[in-house]
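Notes follow once the structure below has been shown.
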Amino acid sequence: MSDSSKSDDNRQANNPLHGKKLADILEELVVAYGWEYLADRININCFKSDPSIKSSLKFLRRTQWARDKVEALYLEYLDNPWNKEK
């Protein structure tokens, strides 16, 4: 294994999003916060008007800026000590 691939492996091991599916992230956020909170935090129609996991995933997979915001919110969620699993 080359040195560059070792550093890539280390970087991914420390990335909390590595190996997480967008659907799992979104479902976890909806359970934790609800659609109304998500719509307040991230101003996109798929969270505001008749929200569903399916329609939101379709939009987020096509719209990188929105996906980036969802991932950033998920990282905030993970960083909150009240959300740590026991």
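Naming works like this for the structure tokens: A, B, ... for the chains as they're shown, residue 1 at the start of each chain, ligands 1 onward in shown order.
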
- Message: Give me the residues near A:Arg67 as a ChimeraX atom specification, where near means some atom within 12 Å (using only C-alpha atoms) and where sequence neighbours in that chain fewer than 2 positions away do not count.
- Response: /A:21-23,25-26,42-44,56-65,69-74

**Asked** Contacts of stretch 27-29 of chain A at 8 Å or less, counting only C-alpha atoms, minus same-chain residues fewer than 5 places along, as a VMD selection string?
**Response** chain A and resid 34 38 53 74 77

Dump of C-alpha atoms for the selected residues, as a PDB file, in the first residue's frame:
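What landed in selection_31.pdb:
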```
ATOM      1  CA  GLY A  34     -38.895  16.566  12.471  1.00  0.00           C
ATOM      2  CA  LEU A  38     -35.499  20.810   8.940  1.00  0.00           C
ATOM      3  CA  ILE A  53     -38.019  10.797   2.495  1.00  0.00           C
ATOM      4  CA  TYR A  74     -26.019  15.985  10.461  1.00  0.00           C
ATOM      5  CA  TYR A  77     -26.318  16.649  15.265  1.00  0.00           C
TER       6      TYR A  77
END
```

key: Every residue of stretch 26-57 of chain A that DSSP places in helix (DSSP H, G or I), as a list in words   = Leu26, Glu27, Glu28, Leu29, Val30, Val31, Ala32, Tyr33, Trp35, Glu36, Tyr37, Leu38, Ala39, Asp40, Arg41, Asn45, Cys46, Phe47, Lys48, Ile53, Lys54, Ser55, Ser56 and Leu57 of chain A

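Look at A:Ser52: the protein and nucleic acid residues within 10 Å of it, using only C-alpha atoms and passing over chain neighbours fewer than 6 places away, are Glu27, Val30, Trp35 and Cys46 of chain A.
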
note - atom CA of A:Asp50 and atom CA of A:Trp82 are separated by 29.1 Å
